[in-house]
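Chemist: File input_0.cif below, mmCIF, C-alpha atoms and all ligand atoms:
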```cif
data_final
loop_
_atom_site.group_PDB
_atom_site.id
_atom_site.type_symbol
_atom_site.label_atom_id
_atom_site.label_comp_id
_atom_site.auth_asym_id
_atom_site.auth_seq_id
_atom_site.Cartn_x
_atom_site.Cartn_y
_atom_site.Cartn_z
ATOM 1 C CA MET A 1 141.693 209.943 37.829
ATOM 2 C CA ARG A 2 139.070 207.447 37.018
ATOM 3 C CA GLY A 3 140.312 205.242 34.223
ATOM 4 C CA ALA A 4 138.779 203.858 31.082
ATOM 5 C CA PRO A 5 135.043 203.244 31.049
ATOM 6 C CA ARG A 6 134.085 200.231 33.084
ATOM 7 C CA SER A 7 132.409 197.378 31.353
ATOM 8 C CA ALA A 8 128.845 198.028 30.375
ATOM 9 C CA SER A 9 126.506 195.650 32.052
ATOM 10 C CA GLY A 10 125.014 193.846 29.144
ATOM 11 C CA THR A 11 121.762 195.680 28.883
ATOM 12 C CA THR A 12 119.770 195.981 25.748
ATOM 13 C CA ASN A 13 119.758 199.203 23.844
ATOM 14 C CA SER A 14 116.081 199.829 24.005
ATOM 15 C CA GLY A 15 114.519 202.670 22.112
ATOM 16 C CA PRO A 16 110.864 202.862 23.033
ATOM 17 C CA ALA A 17 108.807 202.176 20.003
ATOM 18 C CA ASP A 18 105.383 203.147 21.241
ATOM 19 C CA THR A 19 103.680 206.430 21.754
ATOM 20 C CA ILE A 20 101.694 207.600 24.728
ATOM 21 C CA PRO A 21 97.953 207.310 24.247
ATOM 22 C CA GLY A 22 96.694 210.038 21.988
ATOM 23 C CA ALA A 23 100.161 211.329 21.265
ATOM 24 C CA PRO A 24 101.908 211.637 17.901
ATOM 25 C CA PRO A 25 104.386 208.879 16.973
ATOM 26 C CA PRO A 26 107.959 208.970 18.341
ATOM 27 C CA LEU A 27 109.995 211.823 16.957
ATOM 28 C CA ARG A 28 113.488 210.587 17.737
ATOM 29 C CA PRO A 29 115.313 207.804 19.555
ATOM 30 C CA ALA A 30 115.965 207.956 23.283
ATOM 31 C CA CYS A 31 118.553 210.592 24.075
ATOM 32 C CA ARG A 32 121.434 209.337 26.132
ATOM 33 C CA ALA A 33 124.653 210.442 24.468
ATOM 34 C CA THR A 34 126.920 212.694 26.499
ATOM 35 C CA PRO A 35 130.405 213.795 25.647
ATOM 36 C CA ARG A 36 133.038 211.819 27.525
ATOM 37 C CA ASP A 37 134.694 213.849 30.219
ATOM 38 C CA GLU A 38 138.329 212.748 30.015
ATOM 39 C CA ALA A 39 139.287 214.721 33.111
ATOM 40 C CA PHE A 40 136.809 213.042 35.414
ATOM 41 C CA VAL A 41 138.474 212.211 38.735
ATOM 42 C CA GLY A 42 137.573 210.215 41.830
ATOM 43 C CA ARG A 43 134.012 209.388 42.928
ATOM 44 C CA GLU A 44 134.671 205.657 42.985
ATOM 45 C CA HIS A 45 132.496 205.249 46.075
ATOM 46 C CA GLU A 46 129.546 207.238 44.728
ATOM 47 C CA LEU A 47 129.678 205.447 41.384
ATOM 48 C CA GLY A 48 129.881 202.137 43.214
ATOM 49 C CA VAL A 49 126.710 203.000 45.134
ATOM 50 C CA LEU A 50 124.885 203.811 41.910
ATOM 51 C CA ASP A 51 126.193 200.612 40.307
ATOM 52 C CA THR A 52 124.869 198.583 43.232
ATOM 53 C CA LEU A 53 121.497 200.269 42.922
ATOM 54 C CA LEU A 54 121.441 199.496 39.213
ATOM 55 C CA ALA A 55 122.181 195.852 39.972
ATOM 56 C CA GLN A 56 119.178 195.847 42.313
ATOM 57 C CA VAL A 57 117.061 197.389 39.588
ATOM 58 C CA ARG A 58 117.953 194.514 37.286
ATOM 59 C CA THR A 59 117.060 191.840 39.818
ATOM 60 C CA ASP A 60 114.434 193.373 42.088
ATOM 61 C CA GLY A 61 112.798 196.236 40.218
ATOM 62 C CA ALA A 62 112.454 199.980 40.494
ATOM 63 C CA ARG A 63 114.772 202.039 42.673
ATOM 64 C CA ILE A 64 115.255 205.761 43.297
ATOM 65 C CA ALA A 65 118.377 207.729 44.168
ATOM 66 C CA LEU A 66 118.715 211.276 45.430
ATOM 67 C CA VAL A 67 122.091 212.646 44.375
ATOM 68 C CA ARG A 68 122.680 215.521 46.750
ATOM 69 C CA GLY A 69 125.462 218.043 47.184
ATOM 70 C CA ALA A 70 126.523 221.673 47.212
ATOM 71 C CA PRO A 71 126.570 223.808 44.046
ATOM 72 C CA GLY A 72 129.570 222.967 41.880
ATOM 73 C CA ILE A 73 130.530 219.884 43.876
ATOM 74 C CA GLY A 74 130.056 217.623 40.851
ATOM 75 C CA LYS A 75 126.550 216.160 40.978
ATOM 76 C CA THR A 76 125.862 216.567 37.276
ATOM 77 C CA ALA A 77 129.338 215.308 36.375
ATOM 78 C CA LEU A 78 128.847 212.252 38.569
ATOM 79 C CA VAL A 79 125.569 211.255 36.958
ATOM 80 C CA ARG A 80 126.974 211.918 33.503
ATOM 81 C CA ARG A 81 129.868 209.639 34.293
ATOM 82 C CA PHE A 82 127.511 206.949 35.584
ATOM 83 C CA LEU A 83 125.550 207.057 32.325
ATOM 84 C CA ASP A 84 128.772 207.014 30.316
ATOM 85 C CA ASP A 85 129.769 203.873 32.192
ATOM 86 C CA HIS A 86 126.512 202.205 31.150
ATOM 87 C CA PRO A 87 126.043 203.244 27.548
ATOM 88 C CA HIS A 88 123.553 200.481 26.808
ATOM 89 C CA LEU A 89 120.966 201.669 29.280
ATOM 90 C CA THR A 90 117.989 203.599 28.052
ATOM 91 C CA ALA A 91 118.422 207.039 29.574
ATOM 92 C CA VAL A 92 115.460 209.377 29.953
ATOM 93 C CA ARG A 93 116.650 212.811 30.902
ATOM 94 C CA GLY A 94 115.321 216.156 31.936
ATOM 95 C CA SER A 95 116.306 218.988 34.208
ATOM 96 C CA GLY A 96 114.660 221.673 36.236
ATOM 97 C CA ASP A 97 115.317 225.290 35.502
ATOM 98 C CA GLU A 98 114.505 228.330 37.585
ATOM 99 C CA GLY A 99 112.901 229.998 34.585
ATOM 100 C CA GLU A 100 110.560 227.045 33.958
ATOM 101 C CA ALA A 101 109.721 226.202 37.541
ATOM 102 C CA THR A 102 106.215 227.634 37.191
ATOM 103 C CA ILE A 103 105.441 226.119 33.790
ATOM 104 C CA SER A 104 103.233 223.097 34.268
ATOM 105 C CA TYR A 105 104.715 219.898 32.876
ATOM 106 C CA ALA A 106 107.851 221.556 31.520
ATOM 107 C CA LEU A 107 109.859 218.660 32.953
ATOM 108 C CA VAL A 108 107.476 215.993 31.664
ATOM 109 C CA ASP A 109 107.763 217.634 28.277
ATOM 110 C CA GLN A 110 111.518 217.033 28.374
ATOM 111 C CA LEU A 111 111.174 213.477 29.647
ATOM 112 C CA PHE A 112 108.732 212.519 26.918
ATOM 113 C CA GLY A 113 110.947 214.195 24.344
ATOM 114 C CA SER A 114 113.882 212.193 25.652
ATOM 115 C CA MET A 115 111.834 209.019 25.202
ATOM 116 C CA GLY A 116 111.034 209.967 21.653
ATOM 117 C CA LEU A 117 107.442 210.801 22.499
ATOM 118 C CA GLY A 118 106.119 214.007 21.054
ATOM 119 C CA GLY A 119 103.037 214.202 23.259
ATOM 120 C CA GLY A 120 104.858 215.990 26.053
ATOM 121 C CA ALA A 121 104.916 219.177 24.052
ATOM 122 C CA LEU A 122 101.178 219.326 24.449
ATOM 123 C CA LEU A 123 101.483 219.146 28.208
ATOM 124 C CA ALA A 124 103.932 221.938 28.900
ATOM 125 C CA HIS A 125 101.710 224.925 29.025
ATOM 126 C CA ILE A 126 101.375 227.811 31.347
ATOM 127 C CA GLU A 127 97.603 227.416 31.272
ATOM 128 C CA ARG A 128 95.860 224.640 33.125
ATOM 129 C CA VAL A 129 94.387 222.583 30.331
ATOM 130 C CA LEU A 130 94.142 219.174 31.942
ATOM 131 C CA PRO A 131 91.542 217.740 34.328
ATOM 132 C CA VAL A 132 91.690 218.516 38.028
ATOM 133 C CA GLU A 133 93.464 215.258 38.728
ATOM 134 C CA GLU A 134 96.052 216.144 36.123
ATOM 135 C CA PRO A 135 99.185 214.906 37.906
ATOM 136 C CA ILE A 136 97.533 211.494 38.099
ATOM 137 C CA VAL A 137 96.575 211.598 34.437
ATOM 138 C CA VAL A 138 100.066 212.592 33.414
ATOM 139 C CA GLY A 139 101.561 210.212 35.949
ATOM 140 C CA ARG A 140 99.739 207.353 34.259
ATOM 141 C CA LEU A 141 101.183 208.426 30.906
ATOM 142 C CA ILE A 142 104.687 208.476 32.387
ATOM 143 C CA LEU A 143 104.141 205.093 34.014
ATOM 144 C CA ALA A 144 102.921 203.533 30.778
ATOM 145 C CA ALA A 145 105.820 204.976 28.794
ATOM 146 C CA LEU A 146 108.418 203.798 31.316
ATOM 147 C CA ILE A 147 106.943 200.324 31.506
ATOM 148 C CA ARG A 148 107.017 200.038 27.731
ATOM 149 C CA SER A 149 110.604 201.272 27.597
ATOM 150 C CA SER A 150 111.761 198.906 30.328
ATOM 151 C CA VAL A 151 110.551 195.799 28.522
ATOM 152 C CA ALA A 152 113.780 195.758 26.504
ATOM 153 C CA GLY A 153 116.092 196.469 29.448
ATOM 154 C CA PRO A 154 116.698 198.782 32.410
ATOM 155 C CA VAL A 155 115.756 202.428 32.079
ATOM 156 C CA VAL A 156 117.423 205.284 33.962
ATOM 157 C CA VAL A 157 115.378 208.444 34.484
ATOM 158 C CA VAL A 158 117.567 211.408 35.405
ATOM 159 C CA VAL A 159 116.141 214.690 36.624
ATOM 160 C CA ASP A 160 118.966 217.146 37.137
ATOM 161 C CA ASP A 161 118.308 220.167 39.343
ATOM 162 C CA ALA A 162 115.048 218.555 40.375
ATOM 163 C CA HIS A 163 114.435 221.317 42.904
ATOM 164 C CA TRP A 164 113.738 223.669 39.989
ATOM 165 C CA ALA A 165 111.358 221.308 38.199
ATOM 166 C CA ASP A 166 107.706 222.337 38.061
ATOM 167 C CA VAL A 167 105.623 220.858 40.844
ATOM 168 C CA ASP A 168 103.033 219.262 38.548
ATOM 169 C CA SER A 169 105.746 217.262 36.792
ATOM 170 C CA LEU A 170 107.272 216.158 40.068
ATOM 171 C CA ARG A 171 103.887 215.034 41.377
ATOM 172 C CA ALA A 172 103.190 213.141 38.183
ATOM 173 C CA LEU A 173 106.632 211.541 38.348
ATOM 174 C CA LEU A 174 106.042 210.576 41.968
ATOM 175 C CA PHE A 175 102.768 208.934 40.982
ATOM 176 C CA ALA A 176 104.570 206.895 38.334
ATOM 177 C CA VAL A 177 107.634 205.980 40.395
ATOM 178 C CA ARG A 178 105.482 204.741 43.264
ATOM 179 C CA ARG A 179 103.817 202.298 40.895
ATOM 180 C CA LEU A 180 106.787 200.951 38.971
ATOM 181 C CA GLY A 181 107.142 197.975 41.300
ATOM 182 C CA ALA A 182 109.179 195.204 39.678
ATOM 183 C CA TYR A 183 109.857 197.099 36.454
ATOM 184 C CA PRO A 184 113.576 197.818 35.976
ATOM 185 C CA VAL A 185 113.616 201.596 36.230
ATOM 186 C CA LEU A 186 116.194 203.601 38.162
ATOM 187 C CA THR A 187 115.136 207.174 38.901
ATOM 188 C CA ILE A 188 117.909 209.611 39.800
ATOM 189 C CA LEU A 189 116.985 213.015 41.192
ATOM 190 C CA VAL A 190 119.798 215.557 41.491
ATOM 191 C CA VAL A 191 119.285 218.115 44.236
ATOM 192 C CA PRO A 192 121.179 220.602 46.403
ATOM 193 C CA PRO A 193 121.483 219.998 50.151
ATOM 194 C CA ASP A 194 118.342 222.044 50.797
ATOM 195 C CA GLU A 195 115.775 220.480 48.490
ATOM 196 C CA ALA A 196 112.682 221.933 50.152
ATOM 197 C CA ARG A 197 110.853 222.345 46.817
ATOM 198 C CA LEU A 198 110.848 218.599 46.160
ATOM 199 C CA PRO A 199 107.540 216.855 46.981
ATOM 200 C CA ALA A 200 108.001 215.103 50.301
ATOM 201 C CA GLY A 201 106.914 211.806 48.762
ATOM 202 C CA LEU A 202 109.952 211.678 46.502
ATOM 203 C CA GLY A 203 112.250 212.272 49.454
ATOM 204 C CA ARG A 204 110.479 209.552 51.430
ATOM 205 C CA LEU A 205 110.916 207.093 48.557
ATOM 206 C CA ALA A 206 114.644 207.797 48.511
ATOM 207 C CA GLU A 207 114.804 207.145 52.238
ATOM 208 C CA GLY A 208 112.816 203.906 52.022
ATOM 209 C CA HIS A 209 114.032 200.406 51.287
ATOM 210 C CA THR A 210 113.866 200.967 47.529
ATOM 211 C CA GLY A 211 115.881 204.155 47.600
ATOM 212 C CA ILE A 212 119.141 205.715 48.572
ATOM 213 C CA THR A 213 120.674 209.154 49.001
ATOM 214 C CA VAL A 214 124.095 209.650 47.475
ATOM 215 C CA GLU A 215 125.858 212.508 49.201
ATOM 216 C CA VAL A 216 128.387 214.121 46.885
ATOM 217 C CA GLY A 217 131.079 215.607 49.076
ATOM 218 C CA ARG A 218 134.496 217.148 48.676
ATOM 219 C CA LEU A 219 137.046 215.769 46.266
ATOM 220 C CA LYS A 220 140.049 214.175 47.953
ATOM 221 C CA PRO A 221 143.445 215.904 47.659
ATOM 222 C CA THR A 222 144.643 213.158 45.316
ATOM 223 C CA ASP A 223 141.616 213.781 43.100
ATOM 224 C CA VAL A 224 142.314 217.518 43.120
ATOM 225 C CA GLN A 225 145.902 216.738 42.177
ATOM 226 C CA ALA A 226 144.730 214.648 39.231
ATOM 227 C CA LEU A 227 142.190 217.280 38.207
ATOM 228 C CA ALA A 228 144.787 220.049 38.427
ATOM 229 C CA ALA A 229 147.278 218.038 36.387
ATOM 230 C CA ALA A 230 144.676 217.350 33.710
ATOM 231 C CA ALA A 231 143.523 220.967 33.626
ATOM 232 C CA THR A 232 146.986 222.530 33.525
ATOM 233 C CA GLY A 233 148.600 219.833 31.389
ATOM 234 C CA SER A 234 151.472 219.307 33.806
ATOM 235 C CA PRO A 235 152.002 217.577 37.170
ATOM 236 C CA VAL A 236 151.079 219.526 40.285
ATOM 237 C CA PRO A 237 153.025 218.891 43.530
ATOM 238 C CA GLY A 238 151.121 216.994 46.221
ATOM 239 C CA LEU A 239 151.464 219.799 48.769
ATOM 240 C CA VAL A 240 150.069 222.311 46.323
ATOM 241 C CA ALA A 241 147.154 219.986 45.625
ATOM 242 C CA HIS A 242 146.520 219.681 49.354
ATOM 243 C CA ARG A 243 146.427 223.453 49.739
ATOM 244 C CA LEU A 244 144.248 223.840 46.681
ATOM 245 C CA CYS A 245 141.879 221.209 48.041
ATOM 246 C CA ALA A 246 141.639 222.868 51.452
ATOM 247 C CA HIS A 247 141.272 226.326 49.916
ATOM 248 C CA THR A 248 138.391 225.275 47.673
ATOM 249 C CA LEU A 249 136.804 222.811 50.114
ATOM 250 C CA GLY A 250 137.366 220.163 47.468
ATOM 251 C CA ASN A 251 134.820 221.776 45.162
ATOM 252 C CA PRO A 252 135.784 220.971 41.555
ATOM 253 C CA ARG A 253 134.076 224.062 40.160
ATOM 254 C CA HIS A 254 136.194 226.258 42.407
ATOM 255 C CA VAL A 255 139.308 224.196 41.709
ATOM 256 C CA LEU A 256 138.838 224.594 37.963
ATOM 257 C CA ALA A 257 138.024 228.292 38.273
ATOM 258 C CA LEU A 258 141.210 228.927 40.227
ATOM 259 C CA LEU A 259 143.264 226.909 37.803
ATOM 260 C CA MET A 260 141.864 228.825 34.856
ATOM 261 C CA GLU A 261 142.372 232.219 36.483
ATOM 262 C CA THR A 262 145.950 231.605 37.539
ATOM 263 C CA PRO A 263 149.055 231.192 35.338
ATOM 264 C CA ALA A 264 150.120 227.535 35.065
ATOM 265 C CA ASP A 265 153.621 228.059 36.512
ATOM 266 C CA HIS A 266 151.992 229.353 39.680
ATOM 267 C CA TRP A 267 151.061 225.783 40.555
ATOM 268 C CA GLN A 268 154.570 224.398 40.452
ATOM 269 C CA GLY A 269 155.698 226.100 43.672
ATOM 270 C CA TRP A 270 155.185 224.759 47.166
ATOM 271 C CA GLU A 271 153.291 227.648 48.656
ATOM 272 C CA PRO A 272 151.255 229.471 46.057
ATOM 273 C CA VAL A 273 149.194 232.420 47.237
ATOM 274 C CA LEU A 274 145.639 231.357 46.522
ATOM 275 C CA PRO A 275 143.004 233.945 45.621
ATOM 276 C CA ALA A 276 139.292 233.289 45.978
ATOM 277 C CA PRO A 277 137.991 231.687 42.774
ATOM 278 C CA GLY A 278 136.217 234.227 40.613
ATOM 279 C CA CYS A 279 132.953 232.277 40.770
ATOM 280 C CA SER A 280 132.796 232.635 44.556
ATOM 281 C CA ALA A 281 134.518 235.979 45.087
ATOM 282 C CA GLY A 282 132.507 239.094 45.672
HETATM 283 N N1 LIG B 301 134.764 214.293 39.467
HETATM 284 C C1 LIG B 301 135.058 215.304 38.650
HETATM 285 N N2 LIG B 301 136.151 215.258 37.868
HETATM 286 C C2 LIG B 301 136.467 216.280 37.056
HETATM 287 N N3 LIG B 301 135.724 217.402 36.931
HETATM 288 C C3 LIG B 301 134.616 217.500 37.682
HETATM 289 C C4 LIG B 301 134.233 216.468 38.569
HETATM 290 N N4 LIG B 301 133.094 216.838 39.194
HETATM 291 C C5 LIG B 301 132.790 218.031 38.688
HETATM 292 N N5 LIG B 301 133.686 218.440 37.795
HETATM 293 C C6 LIG B 301 133.656 219.707 37.069
HETATM 294 O O1 LIG B 301 133.339 220.721 38.019
HETATM 295 C C7 LIG B 301 132.369 221.625 37.492
HETATM 296 C C8 LIG B 301 131.124 221.603 38.357
HETATM 297 O O2 LIG B 301 130.564 220.297 38.298
HETATM 298 P P1 LIG B 301 128.987 220.059 38.168
HETATM 299 O O3 LIG B 301 128.385 220.976 37.177
HETATM 300 O O4 LIG B 301 128.782 218.620 37.962
HETATM 301 O O5 LIG B 301 128.517 220.486 39.627
HETATM 302 P P2 LIG B 301 127.046 220.457 40.217
HETATM 303 O O6 LIG B 301 127.134 219.903 41.582
HETATM 304 O O7 LIG B 301 126.138 219.760 39.274
HETATM 305 O O8 LIG B 301 126.710 221.998 40.288
HETATM 306 P P3 LIG B 301 125.279 222.721 40.319
HETATM 307 O O9 LIG B 301 124.711 222.481 41.692
HETATM 308 O O10 LIG B 301 125.574 224.167 40.081
HETATM 309 O O11 LIG B 301 124.442 222.091 39.242
HETATM 310 C C9 LIG B 301 132.136 221.194 36.052
HETATM 311 O O12 LIG B 301 133.014 221.936 35.217
HETATM 312 C C10 LIG B 301 132.528 219.730 36.042
HETATM 313 O O13 LIG B 301 132.963 219.305 34.775
HETATM 314 MG MG MG B 302 124.508 220.379 38.181
#
```
Taking this structure as input, can you express it in the form of structure tokens?

Modeler:
Amino acid sequence: MRGAPRSASGTTNSGPADTIPGAPPPLRPACRATPRDEAFVGREHELGVLDTLLAQVRTDGARIALVRGAPGIGKTALVRRFLDDHPHLTAVRGSGDEGEATISYALVDQLFGSMGLGGGALLAHIERVLPVEEPIVVGRLILAALIRSSVAGPVVVVVDDAHWADVDSLRALLFAVRRLGAYPVLTILVVPPDEARLPAGLGRLAEGHTGITVEVGRLKPTDVQALAAAATGSPVPGLVAHRLCAHTLGNPRHVLALLMETPADHWQGWEPVLPAPGCSAG
């Protein structure tokens, strides 16, 4: 299990004070608090990669990371943990949702809200109300807001489930990210293995010299053992953890589902009969 939070990296807690042009004043401070996940296990390598990228952001400027992996493998948990490890960063967060994928600027609305800017609410609208070049217009607003926020210290923009974000927002974000240059902004896009809905430009940025793709794979058996022990409240034999890991392909969502669906004493034996986790059965 990953231990106590690592040292924060001395960044300034920077709440953006300005508004986007023509927008109402900030409504609330930047949103970055997440509940600590005490049972978080493993992922030292992936977190190390993100830490290295953050170090580059501090010294060399904007970077982008694609965090990619199968459903339930722990992408959201990984990014949450990364942010928890760096509580002094300014975090700007939003997420795609299947139900909002066709609503123009639904994601930008969230991002501006996360930055304390109320103007985003005016953008998210099912009608097209902006000029033809709207992604550029909105992209400029995002760029200006991120630059202002980054004056006080590094900013991390997180878009979870980016494949479900509306295309206009993603294009506007791409416009901004491509122009951040030396400003200390780390953009993290969380996607499944098949992220065909993402604008190609964002993928290309992640593959370029200012980007990286973090593949989130299976948990190791020792991680599954730690997760199982934390979830059941008692030690789980190594062989059982190995079987559980193989049975679930190291997918923490499936591990947790099985653990919840099965009586705790079941896990103390050497050869438990393992059902399919409810979330994947049927
Ligand atoms: N490293 C970990 N340690 C402990 N629990 C974890 C870890 N990774 C994921 N989990 C747990 O497993 C479940 C699934 O994780 P998560 O939601 O992060 O997956 P995901 O890859 O984001 O899934 P989706 O693609 O559906 O969004 C959650 O309950 C989460 O708390
Ligand atoms: Mg997720």

Chemist: When you count only C-alpha atoms, which of these residues is closest to Arg197 in chain A: A:Gln225, A:Thr102, A:Thr90, A:Thr213?

Modeler: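 Among the listed residues, A:Thr102 lies closest to Arg197 in chain A.
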
Chemist: Could you give me the residues within 12 Å of ligand MG 302 (chain B), counting all atoms listed in the file, as an MDAnalysis selection string?

Modeler: chainID A and resid 67:80 94:97 158:164 189:192 216 252:253

Chemist: Take the residues that were just selected and, keeping C-alpha atoms, output them as a short mmCIF file (atom, residue, chain, number, x, y, z; two decimals), in the frame of the given file.

Modeler:
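Written output follows (result-v5.cif):
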```cif
data_model
loop_
_atom_site.label_atom_id
_atom_site.label_comp_id
_atom_site.auth_asym_id
_atom_site.auth_seq_id
_atom_site.Cartn_x
_atom_site.Cartn_y
_atom_site.Cartn_z
CA VAL A 67 122.09 212.65 44.38
CA ARG A 68 122.68 215.52 46.75
CA GLY A 69 125.46 218.04 47.18
CA ALA A 70 126.52 221.67 47.21
CA PRO A 71 126.57 223.81 44.05
CA GLY A 72 129.57 222.97 41.88
CA ILE A 73 130.53 219.88 43.88
CA GLY A 74 130.06 217.62 40.85
CA LYS A 75 126.55 216.16 40.98
CA THR A 76 125.86 216.57 37.28
CA ALA A 77 129.34 215.31 36.38
CA LEU A 78 128.85 212.25 38.57
CA VAL A 79 125.57 211.26 36.96
CA ARG A 80 126.97 211.92 33.50
CA GLY A 94 115.32 216.16 31.94
CA SER A 95 116.31 218.99 34.21
CA GLY A 96 114.66 221.67 36.24
CA ASP A 97 115.32 225.29 35.50
CA VAL A 158 117.57 211.41 35.40
CA VAL A 159 116.14 214.69 36.62
CA ASP A 160 118.97 217.15 37.14
CA ASP A 161 118.31 220.17 39.34
CA ALA A 162 115.05 218.56 40.38
CA HIS A 163 114.44 221.32 42.90
CA TRP A 164 113.74 223.67 39.99
CA LEU A 189 116.98 213.02 41.19
CA VAL A 190 119.80 215.56 41.49
CA VAL A 191 119.28 218.12 44.24
CA PRO A 192 121.18 220.60 46.40
CA VAL A 216 128.39 214.12 46.88
CA PRO A 252 135.78 220.97 41.56
CA ARG A 253 134.08 224.06 40.16
#
```

Chemist: Have a look at A:Ala231, A:Val240, A:Ala246, A:Leu50 and name the one nearest to Glu261 in chain A; count all atoms listed in the file.

Modeler: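 When distances to Glu261 in chain A are compared using all atoms listed in the file, the smallest one comes from A:Ala231.
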
Chemist: When the PyMOL selection byres (((chain A and resi 65) around 7) and not hetatm) is applied to the file above, which residues end up in the set, as an MDAnalysis selection string?

Modeler: chainID A and resid 63:64 66:67 187:189 206 211:214

Chemist: Taking all atoms of ligand LIG 301 (chain B) that appear in the file, build a box with edges along x, y and z, extend it by 8 Å on every side, and state its centre and edge lengths in Å to one decimal, as AutoDock Vina command-line options.

Modeler:
```
--center_x 130.5 --center_y 219.2 --center_z 38.2 --size_x 28.0 --size_y 25.9 --size_z 22.9
```

Chemist: For the provided coordinates, the residues matched by the PyMOL selection byres (((chain A and resi 43) around 9) and not hetatm) should be stated as a list in words.

Modeler: Arg2, Phe40, Val41, Gly42, Glu44, His45, Glu46, Leu47, Gly48, Leu78, Val216, Leu219 and Asp223 of chain A

Chemist: Of the candidates A:Val167, A:Ala39, A:Leu117, A:Val185, which shows the shortest atom-to-atom distance to ligand LIG 301 (chain B), using all atoms listed in the file?

Modeler: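 The answer is A:Ala39, which sits nearest to ligand LIG 301 (chain B).
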
Chemist: Hey, which of A:Glu134, A:Asp51, A:Asp60, A:Asp168 ends up closest to Pro184 in chain A? Count all atoms listed in the file.

Modeler: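 Among A:Glu134, A:Asp51, A:Asp60, A:Asp168, it is A:Asp60 that comes nearest to Pro184 in chain A.
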
Chemist: One decimal, Å: what's the distance from CA of Glu98 in chain A over to atom O5 of ligand LIG 301 (chain B), could you say?

Modeler: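 Separating CA of Glu98 in chain A from atom O5 of ligand LIG 301 (chain B) is a distance of 16.2 Å.
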
Chemist: What is the CA of Ala91 in chain A-CA of Val157 in chain A distance in Å, reported with one decimal?

Modeler: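 Computing it gives 5.9 Å between the two atoms.
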
Chemist: Could you check the closest approach to ligand LIG 301 (chain B) for each of A:Gly153, A:Phe82, A:Gly201, A:Ile103 and tell me which residue wins, using all atoms listed in the file?

Modeler: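 Nearest to ligand LIG 301 (chain B): A:Phe82.
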
Chemist: Using Å and a single decimal, report how far CA of Arg81 in chain A sits from CA of Val224 in chain A.

Modeler: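 Computing the Euclidean distance for CA of Val224 in chain A and CA of Arg81 in chain A yields 17.2 Å.
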
Chemist: Measuring atom to atom with only C-alpha atoms, identify which of A:Pro154, A:Glu215, A:Leu227, A:Thr210 is nearest to His254 in chain A.

Modeler: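 Using only C-alpha atoms, His254 in chain A sits closest to A:Leu227.
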
Chemist: Counting all atoms listed in the file, what is within 7 Å of Gly61 in chain A, bar same-chain residues fewer than 3 positions away, as a PDB file with C-alpha atoms, in the frame of the given file?

Modeler:
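Written file, selection-v9.pdb:
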```pdb
ATOM      1  CA  GLN A  56     119.178 195.847  42.313  1.00  0.00           C
ATOM      2  CA  VAL A  57     117.061 197.389  39.588  1.00  0.00           C
ATOM      3  CA  ARG A  58     117.953 194.514  37.286  1.00  0.00           C
ATOM      4  CA  GLY A 181     107.142 197.975  41.300  1.00  0.00           C
ATOM      5  CA  ALA A 182     109.179 195.204  39.678  1.00  0.00           C
ATOM      6  CA  TYR A 183     109.857 197.099  36.454  1.00  0.00           C
ATOM      7  CA  PRO A 184     113.576 197.818  35.976  1.00  0.00           C
ATOM      8  CA  VAL A 185     113.616 201.596  36.230  1.00  0.00           C
TER       9      VAL A 185
END
```

Chemist: Need the shell around Arg140 in chain A: protein/DNA/RNA residues with any atom at most 10 Å away, counting only C-alpha atoms. Skip same-chain ones fewer than 3 positions apart. Format as a PyMOL selection string?

Modeler: chain A and resi 20+134-137+143-146+172-173+175-176+179

Chemist: What do you get, as a list in words, if you spell out every residue that the PyMOL selection byres (((chain A and resi 236) around 9) and not hetatm) selects here?

Modeler: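 Applied to this file, the PyMOL selection byres (((chain A and resi 236) around 9) and not hetatm) returns Gln225, Ala226, Ala228, Ala229, Thr232, Ser234, Pro235, Pro237, Gly238, Leu239, Val240, Ala241, Trp267, Gln268 and Gly269 of chain A.
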